[in-house]
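Worksheet: the structure to be examined is printed underneath.
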Amino acid sequence: MPIKNIVYAQREHGGDLRSLDDYLAAGGYKGLEATLGMSPDDALYQFHRSGLRGRGGAGFPMGRKAGFLPKDSAKPSYVVCNADESEPGTFKDREIMELNPFQLIEGVTIAGFAVGAARGYIYIRGEYEHQARILDEALAAARADGRLGGDIMGSGFEYDITLSRGAGAYICGEETGLLESLEGKRGQPRLKPPFPAVGGLYQSPTLINNVETLSALPPIMTHGADWYAEMGTEKSPGTKIFSVSGHVLKPGNYEIVLGDTTLRELLYDICGGFREGQDFKACWVGGSSVPVLGAEHLDTPLDYESLQEAGTFLGSAGCIVMDTSGCIVRSSLRLAHFYRHESCGKCTPCREGTMWMEKVLQRIVDGGGRMEDLDLLDAMFGRISGRVLCALADGAVAPVQSAVELFRDDFVRAIEKGAPEPEPMMEAPVG
Amino acid sequence: MTADEIRAHIDPMRHEFAESRSLVLPALKFAQTEKGHLDRDDLAAVADAVGLTSAYVESVASFYDRLYLKPTGKRIVSVCVTLSCLLRGSDELLRRIEEREGLPHGVGTTDDGELTVQEAQCLGYCDRAPCVQVDVDETMGPLSADDVERLLDDLRAGDRPERLWR
């Protein structure tokens with residue numbers, strides 16, 4: 001259960017590695033140095049061998065994704081870093097960028113070398129302007145020190161990174177929505193195929209990965225793929241940052257080895273448990289777009305396969321926790337509100353379905369619910385999921401559907417008497 | 001804002017994108033810094049600077065929450081209302097703003113036109129919930145309802161920033 005500081009390296013080095021000198025003193029850029037000494041194919045093989053899986057939510061093996069880019073493309077290839085972190089409950093990428101920006105920049109450079117990219121892009125959500133300014137400064141420092149631009153670190157490799165800012169849209173975290181936005185369009189997801197690896201940014205081969213995924217590359221290339229793969233389980237190698245928020249006493253980002261910590265240990269031992277008189281009620285462990293878990297799942301080890309067996313997903317590991325003071329019906333309504341607001345409107349089942357889901361839940365919370373509303377919700381779930389272009393709609397349905405199943409009594413009580421208005425937890429220490 | 005001013009802002013980044021259409025978001029964000037929102041003339045100036053039609057530029061602008069097509073206050077206060085903030089009291093903050101500013105559900109532009117308060121969807125500061133962001137300044141939290149009152153007072157008393165980055 002020990003806390004690791006591999007991607008979250010700044011924690012072992014005085015809290016931040018915002019200056020290039022500090023980053024170098026902490027062993028920074030050794031991974032890129034090692035990468036530049038091998039062939040791009042060997043670097044790709046290292047990604048593959050490490051077993052690193054995409055940390056943005058889908059968990060797709062990173063090395064395989066990078067391997068999908070055609071080697072003989074007439075068009076330039078690109079690396080795009082998804083820094084549009086907007087999944088409710090997820091704040092790990094924010095802290096990586098603000099406390100350890102060079103590790104991300106080094107990772108984007110390593111990925112660029114391996115896939116032979118002409119340029120890298122970091123697409124950061126508009127609300128993270130503070131972090132964008134930190135990255136701007138770090139990119140300038142890397143350029144001034146010959147770590148970006150022409151002839152990087154004397155290797156002959158030429159590559160630079162552009163920072164692009166979003167303007168407030170959750171859907172731009174969906175990879176093809178992001179590419180549309182980067183191309184100067186409304187950020188609406190594309191029909192796939194073609195997948196980004198073949199026809200991504202400007203219809204060119206594009207590797208697109210999350211901040212945490214790319215930030216894992218420098219330590220992997222420094223210490224070797226086997227070192228990384230030895231941590232964790234066979235299907236879930238390495239470490240993962242869990243962003244824990246909600247009713248725990250010590251919310252925050254915690255990097256753990258996958259599979260060696262249970263949900264109970266994370267919430268009670270690492271995050272300090274709950275207030276006097278309160279205990280665990282429910283948890284959205286992988287961000288808000290996953291099925292909710294109840295107390296019967298507290299002993300689930302935190303890794304991709306165990307969480308899937310428990311009926312949910314590891315997702316982005318934005319772990320939102322609610323204690324017994326919370327109201328599951330109100331929480332479900334708030335999530336339905338989020339997805340209704342963020343649905344891009346392209347696919348009818350999502351645009352209309354998220355709106356009706358919110359309306360029915362609002363009626364229940366307001367005390368006007370009817371028992372048939374539970375069947376109505378049930379009928380809606382099946383008409384939304386799987387009938388759309390991207391994962392937003394499934395993400396909207398999963399937390400609500402699972403809440404109605406797992407906490408049916410709470411919904412029935414709310415229909416009979418209206419949803420209770422809980423006292424929010426205001427005065428709490430910040431972890 | 002004029003097309004020339006927008007051009008001066010986006011020209012240095014032109015070479016970073018294979019297609020100039022990619023400059024539309026940076027151009028819109030910059031054009032908005034003058035008044036805090038975009039009117040027809042701004043959309044036309046962006047269209048001219050990037051080489052697109054006004055209709056296309058408006059279709060893009062209308063998609064993004066942080067691009068405003070109607071006048072806003074001197075500062076925009078975004079109160080995060082998503083689940084982690086709900087559990088830690090975001091609705092208390094909005095209730096206090098509603099009481100104090102007379103804004104329905106706590107959101108809208110105040111009568112004196114100084115401040116616009118809006119709901120934000122997850123701002124990514126869930127460990128510091130409930131959190132609030134002013135324009136694109138660093139998000140603050142955790143805040144109590146009293147903290148928010150003080151914040152609104154300070155913002156009212158404060159100067160209008162030279163450029164309104166939103």
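We label chains A, B, ... in the order they appear in the structure tokens, count residues from 1 in each chain, and number ligands from 1 in the order shown.
Here is the contact set of chain B against chain A, at 6 Å and counting only C-alpha atoms: Arg21, Ser22, Val24, Val60, Phe63, Tyr64, Asp65, Arg66, Ser84, Leu87, Arg88, Gly89, Cys122, Gly124, Cys126, Asp127, Val136 and Glu138 of chain B.
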Shell of 12 Å around A:Cys350, only C-alpha atoms, local chain residues under 4 positions omitted, as a tab-separated table (two decimals) with N, CA, C and O atoms, in the first residue's frame:
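Once everything was written out, this is result_39.tsv:
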chain	number	residue	atom	x	y	z
A	336	ALA	N	-26.43	13.78	-13.69
A	336	ALA	CA	-27.27	13.87	-14.91
A	336	ALA	C	-27.25	15.30	-15.45
A	336	ALA	O	-27.21	15.52	-16.67
A	339	TYR	N	-23.99	15.85	-17.43
A	339	TYR	CA	-23.94	15.25	-18.78
A	339	TYR	C	-24.92	15.94	-19.73
A	339	TYR	O	-24.64	16.07	-20.92
A	340	ARG	N	-26.05	16.39	-19.20
A	340	ARG	CA	-26.98	17.13	-20.06
A	340	ARG	C	-26.29	18.41	-20.54
A	340	ARG	O	-26.34	18.77	-21.72
A	341	HIS	N	-25.60	19.07	-19.62
A	341	HIS	CA	-24.93	20.32	-19.99
A	341	HIS	C	-23.80	20.07	-20.99
A	341	HIS	O	-23.55	20.89	-21.88
A	342	GLU	N	-23.10	18.97	-20.84
A	342	GLU	CA	-21.90	18.73	-21.65
A	342	GLU	C	-22.15	17.91	-22.91
A	342	GLU	O	-21.25	17.76	-23.74
A	343	SER	N	-23.35	17.35	-23.08
A	343	SER	CA	-23.65	16.63	-24.32
A	343	SER	C	-23.48	17.62	-25.48
A	343	SER	O	-23.99	18.74	-25.43
A	344	CYS	N	-22.74	17.21	-26.52
A	344	CYS	CA	-22.43	18.17	-27.59
A	344	CYS	C	-23.60	18.35	-28.54
A	344	CYS	O	-23.60	19.26	-29.36
A	345	GLY	N	-24.59	17.45	-28.46
A	345	GLY	CA	-25.78	17.62	-29.27
A	345	GLY	C	-25.75	16.94	-30.63
A	345	GLY	O	-26.71	16.99	-31.38
A	346	LYS	N	-24.62	16.30	-30.95
A	346	LYS	CA	-24.51	15.71	-32.29
A	346	LYS	C	-25.42	14.49	-32.44
A	346	LYS	O	-26.08	14.33	-33.47
A	354	THR	N	-30.07	12.63	-22.27
A	354	THR	CA	-29.50	13.22	-21.05
A	354	THR	C	-30.46	14.28	-20.49
A	354	THR	O	-30.60	14.43	-19.28
A	355	MET	N	-31.17	14.97	-21.39
A	355	MET	CA	-32.13	15.98	-20.93
A	355	MET	C	-33.28	15.31	-20.17
A	355	MET	O	-33.66	15.76	-19.08
A	356	TRP	N	-33.81	14.23	-20.71
A	356	TRP	CA	-34.94	13.57	-20.03
A	356	TRP	C	-34.50	12.90	-18.74
A	356	TRP	O	-35.25	12.87	-17.75
A	357	MET	N	-33.31	12.35	-18.73
A	357	MET	CA	-32.80	11.74	-17.49
A	357	MET	C	-32.78	12.80	-16.38
A	357	MET	O	-33.21	12.56	-15.26
A	358	GLU	N	-32.27	13.98	-16.72
A	358	GLU	CA	-32.21	15.04	-15.71
A	358	GLU	C	-33.61	15.46	-15.27
A	358	GLU	O	-33.88	15.64	-14.07
A	380	MET	N	-35.16	4.39	-20.60
A	380	MET	CA	-34.29	5.39	-21.24
A	380	MET	C	-32.85	4.90	-21.36
A	380	MET	O	-32.21	5.11	-22.39
A	381	PHE	N	-32.36	4.25	-20.31
A	381	PHE	CA	-30.95	3.81	-20.31
A	381	PHE	C	-30.65	3.02	-21.58
A	381	PHE	O	-29.66	3.26	-22.27
A	382	GLY	N	-31.53	2.06	-21.89
A	382	GLY	CA	-31.30	1.18	-23.04
A	382	GLY	C	-31.43	1.91	-24.37
A	382	GLY	O	-30.95	1.42	-25.39
A	383	ARG	N	-32.10	3.04	-24.36
A	383	ARG	CA	-32.28	3.77	-25.63
A	383	ARG	C	-31.16	4.79	-25.86
A	383	ARG	O	-31.10	5.42	-26.92
A	384	ILE	N	-30.30	4.97	-24.86
A	384	ILE	CA	-29.20	5.94	-25.00
A	384	ILE	C	-27.87	5.20	-25.25
A	384	ILE	O	-27.18	5.44	-26.24
A	385	SER	N	-27.56	4.26	-24.34
A	385	SER	CA	-26.28	3.54	-24.41
A	385	SER	C	-26.08	2.84	-25.74
A	385	SER	O	-27.01	2.20	-26.26
A	386	GLY	N	-24.87	2.97	-26.27
A	386	GLY	CA	-24.51	2.20	-27.46
A	386	GLY	C	-25.14	2.70	-28.75
A	386	GLY	O	-25.00	2.07	-29.79
A	387	ARG	N	-25.86	3.81	-28.71
A	387	ARG	CA	-26.51	4.30	-29.94
A	387	ARG	C	-25.93	5.64	-30.36
A	387	ARG	O	-26.62	6.46	-30.97
A	388	VAL	N	-24.70	5.88	-29.99
A	388	VAL	CA	-24.09	7.20	-30.17
A	388	VAL	C	-22.65	7.06	-30.65
A	388	VAL	O	-22.10	5.96	-30.66
A	389	LEU	N	-22.02	8.19	-31.03
A	389	LEU	CA	-20.67	8.14	-31.60
A	389	LEU	C	-19.58	8.01	-30.54
A	389	LEU	O	-18.51	7.49	-30.83
A	390	CYS	N	-19.79	8.55	-29.35
A	390	CYS	CA	-18.69	8.57	-28.38
A	390	CYS	C	-19.14	8.04	-27.04
A	390	CYS	O	-20.27	7.59	-26.86
A	391	ALA	N	-18.25	8.10	-26.06
A	391	ALA	CA	-18.49	7.46	-24.76
A	391	ALA	C	-19.25	8.35	-23.78
A	391	ALA	O	-19.59	7.92	-22.69
A	392	LEU	N	-19.55	9.61	-24.17
A	392	LEU	CA	-20.21	10.50	-23.21
A	392	LEU	C	-21.54	9.94	-22.73
A	392	LEU	O	-21.85	9.95	-21.54
A	393	ALA	N	-22.34	9.43	-23.66
A	393	ALA	CA	-23.68	8.96	-23.29
A	393	ALA	C	-23.60	7.75	-22.36
A	393	ALA	O	-24.34	7.65	-21.38
A	394	ASP	N	-22.69	6.82	-22.67
A	394	ASP	CA	-22.51	5.67	-21.77
A	394	ASP	C	-22.08	6.16	-20.39
A	394	ASP	O	-22.51	5.62	-19.36
A	395	GLY	N	-21.24	7.17	-20.37
A	395	GLY	CA	-20.78	7.76	-19.11
A	395	GLY	C	-21.90	8.44	-18.35
A	395	GLY	O	-21.88	8.52	-17.14
A	396	ALA	N	-22.88	8.95	-19.08
A	396	ALA	CA	-24.02	9.59	-18.43
A	396	ALA	C	-24.96	8.56	-17.82
A	396	ALA	O	-25.51	8.75	-16.74
A	397	VAL	N	-25.11	7.45	-18.52
A	397	VAL	CA	-26.05	6.41	-18.08
A	397	VAL	C	-25.47	5.60	-16.91
A	397	VAL	O	-26.18	5.32	-15.94
**Request:** Based on DSSP run over this structure's backbone, return all residues of chain B in helix (DSSP H, G or I), as a ChimeraX atom specification.
**Result:** /B:3-16,20-32,40-50,54-61,83-87,90-101,104-106,126-128,145-157
**Message:** Which residues are close to A:Glu234, i.e. within 12 Å by only C-alpha atoms, leaving aside same-chain residues fewer than 5 positions away? Reply as an NGL selection string.
**Reply:** :A and (49-53 or 226 or 228-229 or 258-259 or 303-306)
When DSSP is applied to the backbone of this structure, which of chain B are assigned strand (DSSP E or B)? Write them out as a compact mmCIF listing (two decimals) with N, CA, C and O atoms, in the first residue's frame.
# COMPACT_ATOMS: atom_id res chain seq x y z
N ARG B 75 -16.08 41.16 -14.07
CA ARG B 75 -15.44 39.88 -13.76
C ARG B 75 -16.49 38.78 -13.83
O ARG B 75 -17.66 39.02 -13.52
N ILE B 76 -16.04 37.58 -14.21
CA ILE B 76 -16.94 36.43 -14.22
C ILE B 76 -16.55 35.48 -13.10
O ILE B 76 -15.38 35.08 -12.98
N VAL B 77 -17.51 35.16 -12.25
CA VAL B 77 -17.27 34.27 -11.12
C VAL B 77 -17.92 32.92 -11.44
O VAL B 77 -19.13 32.85 -11.62
N SER B 78 -17.10 31.88 -11.54
CA SER B 78 -17.63 30.55 -11.85
C SER B 78 -17.64 29.70 -10.58
O SER B 78 -16.59 29.46 -9.98
N VAL B 79 -18.83 29.28 -10.18
CA VAL B 79 -18.96 28.45 -8.98
C VAL B 79 -19.13 27.00 -9.44
O VAL B 79 -20.09 26.68 -10.13
N CYS B 80 -18.19 26.16 -9.07
CA CYS B 80 -18.27 24.76 -9.48
C CYS B 80 -19.40 24.07 -8.73
O CYS B 80 -19.52 24.20 -7.52
N GLY B 108 -26.18 34.76 -13.02
CA GLY B 108 -26.60 35.86 -13.88
C GLY B 108 -25.68 37.06 -13.70
O GLY B 108 -24.64 36.94 -13.04
N THR B 109 -26.04 38.18 -14.29
CA THR B 109 -25.23 39.39 -14.15
C THR B 109 -25.91 40.32 -13.15
O THR B 109 -27.13 40.49 -13.19
N LEU B 115 -20.64 42.23 -12.00
CA LEU B 115 -20.23 40.84 -11.91
C LEU B 115 -21.20 39.91 -12.63
O LEU B 115 -22.41 40.13 -12.60
N THR B 116 -20.63 38.88 -13.26
CA THR B 116 -21.46 37.80 -13.79
C THR B 116 -21.12 36.56 -12.98
O THR B 116 -19.95 36.22 -12.83
N VAL B 117 -22.15 35.91 -12.44
CA VAL B 117 -21.93 34.65 -11.71
C VAL B 117 -22.50 33.53 -12.57
O VAL B 117 -23.60 33.66 -13.11
N GLN B 118 -21.72 32.46 -12.72
CA GLN B 118 -22.22 31.32 -13.50
C GLN B 118 -21.88 30.02 -12.80
O GLN B 118 -20.95 29.95 -11.99
N GLU B 119 -22.67 29.01 -13.11
CA GLU B 119 -22.37 27.65 -12.66
C GLU B 119 -21.21 27.14 -13.49
O GLU B 119 -21.19 27.37 -14.70
N ALA B 120 -20.27 26.46 -12.87
CA ALA B 120 -19.23 25.81 -13.66
C ALA B 120 -19.38 24.31 -13.49
O ALA B 120 -19.78 23.84 -12.43
N VAL B 132 -14.14 27.97 -6.54
CA VAL B 132 -14.66 29.08 -7.34
C VAL B 132 -13.51 29.63 -8.19
O VAL B 132 -12.37 29.72 -7.71
N GLN B 133 -13.82 29.98 -9.42
CA GLN B 133 -12.80 30.59 -10.28
C GLN B 133 -13.27 31.97 -10.74
O GLN B 133 -14.44 32.14 -11.10
N VAL B 134 -12.38 32.93 -10.72
CA VAL B 134 -12.68 34.25 -11.25
C VAL B 134 -11.99 34.39 -12.60
O VAL B 134 -10.77 34.24 -12.68
N MET B 140 -9.92 28.93 -6.66
CA MET B 140 -9.71 29.03 -5.21
C MET B 140 -10.60 28.03 -4.48
O MET B 140 -11.73 27.79 -4.90
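The interatomic distance for the pair atom CA of A:Pro61 and atom CA of A:Phe47 works out to 9.0 Å.
The gap separating atom CA of B:Arg163 from atom CA of B:Glu5 is 13.3 Å, in Å to one decimal.
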**Prompt:** Contacts of stretch 93-98 of chain B at 9 Å or less, counting only C-alpha atoms, minus same-chain residues fewer than 4 places along, as a list in words?
**Reply:** Val79, Val81, Gly89, Gly102, Leu103, Pro104, His105, Gly106, Val107, Val117, Glu119, Pro130, Leu143, Ser144, Ala145, Asp146, Val148, Glu149 and Leu152 of chain B
Okay, now the selection with N, CA and C atoms, as a PDB file, in the first residue's frame?
ATOM      1  N   VAL B  79     -18.828  29.277 -10.182  1.00  0.00           N
ATOM      2  CA  VAL B  79     -18.964  28.453  -8.982  1.00  0.00           C
ATOM      3  C   VAL B  79     -19.129  27.005  -9.436  1.00  0.00           C
ATOM      4  N   VAL B  81     -20.266  23.366  -9.472  1.00  0.00           N
ATOM      5  CA  VAL B  81     -21.425  22.713  -8.838  1.00  0.00           C
ATOM      6  C   VAL B  81     -21.411  21.196  -9.021  1.00  0.00           C
ATOM      7  N   GLY B  89     -20.638  21.446  -0.350  1.00  0.00           N
ATOM      8  CA  GLY B  89     -21.376  22.672  -0.055  1.00  0.00           C
ATOM      9  C   GLY B  89     -21.465  23.735  -1.135  1.00  0.00           C
ATOM     10  N   GLY B 102     -29.529  38.951  -5.295  1.00  0.00           N
ATOM     11  CA  GLY B 102     -30.855  38.878  -5.910  1.00  0.00           C
ATOM     12  C   GLY B 102     -30.854  38.182  -7.264  1.00  0.00           C
ATOM     13  N   LEU B 103     -29.879  37.326  -7.486  1.00  0.00           N
ATOM     14  CA  LEU B 103     -29.831  36.607  -8.758  1.00  0.00           C
ATOM     15  C   LEU B 103     -30.566  35.270  -8.600  1.00  0.00           C
ATOM     16  N   PRO B 104     -31.475  34.932  -9.503  1.00  0.00           N
ATOM     17  CA  PRO B 104     -32.180  33.661  -9.376  1.00  0.00           C
ATOM     18  C   PRO B 104     -31.196  32.482  -9.427  1.00  0.00           C
ATOM     19  N   HIS B 105     -31.259  31.586  -8.436  1.00  0.00           N
ATOM     20  CA  HIS B 105     -30.340  30.442  -8.283  1.00  0.00           C
ATOM     21  C   HIS B 105     -28.883  30.892  -8.169  1.00  0.00           C
ATOM     22  N   GLY B 106     -28.676  32.166  -7.907  1.00  0.00           N
ATOM     23  CA  GLY B 106     -27.318  32.658  -7.709  1.00  0.00           C
ATOM     24  C   GLY B 106     -26.563  32.949  -8.987  1.00  0.00           C
ATOM     25  N   VAL B 107     -27.199  32.778 -10.153  1.00  0.00           N
ATOM     26  CA  VAL B 107     -26.450  32.988 -11.396  1.00  0.00           C
ATOM     27  C   VAL B 107     -27.057  34.109 -12.247  1.00  0.00           C
ATOM     28  N   VAL B 117     -22.148  35.908 -12.438  1.00  0.00           N
ATOM     29  CA  VAL B 117     -21.931  34.649 -11.711  1.00  0.00           C
ATOM     30  C   VAL B 117     -22.498  33.528 -12.570  1.00  0.00           C
ATOM     31  N   GLU B 119     -22.670  29.006 -13.106  1.00  0.00           N
ATOM     32  CA  GLU B 119     -22.375  27.647 -12.663  1.00  0.00           C
ATOM     33  C   GLU B 119     -21.208  27.140 -13.490  1.00  0.00           C
ATOM     34  N   PRO B 130     -15.635  23.293  -1.663  1.00  0.00           N
ATOM     35  CA  PRO B 130     -16.181  23.857  -2.889  1.00  0.00           C
ATOM     36  C   PRO B 130     -15.267  24.938  -3.445  1.00  0.00           C
ATOM     37  N   LEU B 143     -13.881  27.286  -0.159  1.00  0.00           N
ATOM     38  CA  LEU B 143     -14.435  28.574   0.247  1.00  0.00           C
ATOM     39  C   LEU B 143     -15.731  28.374   1.035  1.00  0.00           C
ATOM     40  N   SER B 144     -15.919  29.210   2.056  1.00  0.00           N
ATOM     41  CA  SER B 144     -17.187  29.220   2.780  1.00  0.00           C
ATOM     42  C   SER B 144     -18.077  30.284   2.132  1.00  0.00           C
ATOM     43  N   ALA B 145     -19.339  30.303   2.529  1.00  0.00           N
ATOM     44  CA  ALA B 145     -20.248  31.325   1.995  1.00  0.00           C
ATOM     45  C   ALA B 145     -19.748  32.722   2.371  1.00  0.00           C
ATOM     46  N   ASP B 146     -19.171  32.852   3.577  1.00  0.00           N
ATOM     47  CA  ASP B 146     -18.605  34.155   3.971  1.00  0.00           C
ATOM     48  C   ASP B 146     -17.434  34.550   3.071  1.00  0.00           C
ATOM     49  N   VAL B 148     -17.056  33.797   0.025  1.00  0.00           N
ATOM     50  CA  VAL B 148     -17.572  34.212  -1.277  1.00  0.00           C
ATOM     51  C   VAL B 148     -18.098  35.651  -1.203  1.00  0.00           C
ATOM     52  N   GLU B 149     -18.741  35.996  -0.080  1.00  0.00           N
ATOM     53  CA  GLU B 149     -19.205  37.388   0.078  1.00  0.00           C
ATOM     54  C   GLU B 149     -18.044  38.356   0.006  1.00  0.00           C
ATOM     55  N   LEU B 152     -16.781  38.683  -3.570  1.00  0.00           N
ATOM     56  CA  LEU B 152     -17.604  39.544  -4.422  1.00  0.00           C
ATOM     57  C   LEU B 152     -17.338  41.019  -4.111  1.00  0.00           C
TER      58      LEU B 152
END
**Asked** Separation of atom CA of A:Ile241 and atom CA of A:Ala282, in Å?
**Response** 20.1 Å
**Item:** Residue nearest B:Leu123 - candidates B:Glu92, B:Asp4, B:Asp137, B:Asp11, atoms counted: only C-alpha atoms
**Value:** B:Asp137
I'd like the contact shell of B:Ala45 - 9 Å cut-off, only C-alpha atoms, skipping same-chain residues fewer than 5 positions apart - returned as an mmCIF file with N, CA and C atoms, in the first residue's frame.
data_model
loop_
_atom_site.group_PDB
_atom_site.id
_atom_site.type_symbol
_atom_site.label_atom_id
_atom_site.label_comp_id
_atom_site.auth_asym_id
_atom_site.auth_seq_id
_atom_site.Cartn_x
_atom_site.Cartn_y
_atom_site.Cartn_z
ATOM 1 N N MET B 1 -12.893 44.637 -31.450
ATOM 2 C CA MET B 1 -11.462 44.604 -31.774
ATOM 3 C C MET B 1 -11.278 44.537 -33.293
ATOM 4 N N THR B 2 -10.207 45.127 -33.785
ATOM 5 C CA THR B 2 -10.007 45.142 -35.242
ATOM 6 C C THR B 2 -9.303 43.872 -35.725
ATOM 7 N N ALA B 3 -9.499 43.586 -37.002
ATOM 8 C CA ALA B 3 -8.855 42.408 -37.601
ATOM 9 C C ALA B 3 -7.334 42.533 -37.514
ATOM 10 N N ASP B 4 -6.818 43.751 -37.631
ATOM 11 C CA ASP B 4 -5.359 43.938 -37.576
ATOM 12 C C ASP B 4 -4.798 43.583 -36.194
ATOM 13 N N ILE B 6 -6.098 41.503 -34.112
ATOM 14 C CA ILE B 6 -6.190 40.037 -33.970
ATOM 15 C C ILE B 6 -5.064 39.372 -34.770
ATOM 16 N N ALA B 31 -9.855 38.180 -29.065
ATOM 17 C CA ALA B 31 -10.821 39.236 -29.413
ATOM 18 C C ALA B 31 -11.737 39.534 -28.230
ATOM 19 N N ARG B 40 -21.026 41.209 -32.960
ATOM 20 C CA ARG B 40 -20.987 40.894 -34.412
ATOM 21 C C ARG B 40 -19.695 41.387 -35.064
ATOM 22 N N VAL B 50 -8.660 35.341 -39.730
ATOM 23 C CA VAL B 50 -8.351 33.916 -39.911
ATOM 24 C C VAL B 50 -8.668 33.452 -41.339
ATOM 25 N N SER B 54 -18.019 34.891 -41.175
ATOM 26 C CA SER B 54 -18.529 35.243 -39.853
ATOM 27 C C SER B 54 -19.451 34.153 -39.324
#
If we count only C-alpha atoms and set the cut-off at 9 Å, which residues sit around A:Gln46, ignoring sequence neighbours fewer than 4 positions away in its own chain? Please answer as an mmCIF file with C-alpha atoms, in the first residue's frame.
data_model
loop_
_atom_site.group_PDB
_atom_site.id
_atom_site.type_symbol
_atom_site.label_atom_id
_atom_site.label_comp_id
_atom_site.auth_asym_id
_atom_site.auth_seq_id
_atom_site.Cartn_x
_atom_site.Cartn_y
_atom_site.Cartn_z
ATOM 1 C CA ASP A 41 11.316 1.098 -33.150
ATOM 2 C CA ASP A 42 13.251 0.116 -30.038
ATOM 3 C CA SER A 50 6.222 -1.693 -20.073
ATOM 4 C CA GLY A 51 2.538 -2.619 -20.339
ATOM 5 C CA GLY A 63 2.501 0.853 -26.819
ATOM 6 C CA ILE A 220 10.001 4.045 -17.975
ATOM 7 C CA MET A 221 12.767 5.013 -20.397
ATOM 8 C CA GLY A 224 13.616 0.356 -18.277
ATOM 9 C CA ALA A 225 10.329 -1.177 -19.287
ATOM 10 C CA ASP A 226 10.856 -4.261 -17.131
#
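By chain and then residue number, the residues within 12 Å of A:Pro40 are Leu32, Ala34, Thr35, Leu36, Gly37, Ala43, Leu44, Tyr45, Gln46, Phe47, Ala66, Gly67, Lys71, Ile110, Ala111, Gly112, Phe113, Ala114, Val115, Gly116, Ala117 and Phe157 of chain A, counting only C-alpha atoms and disregarding those fewer than 3 positions away in sequence.
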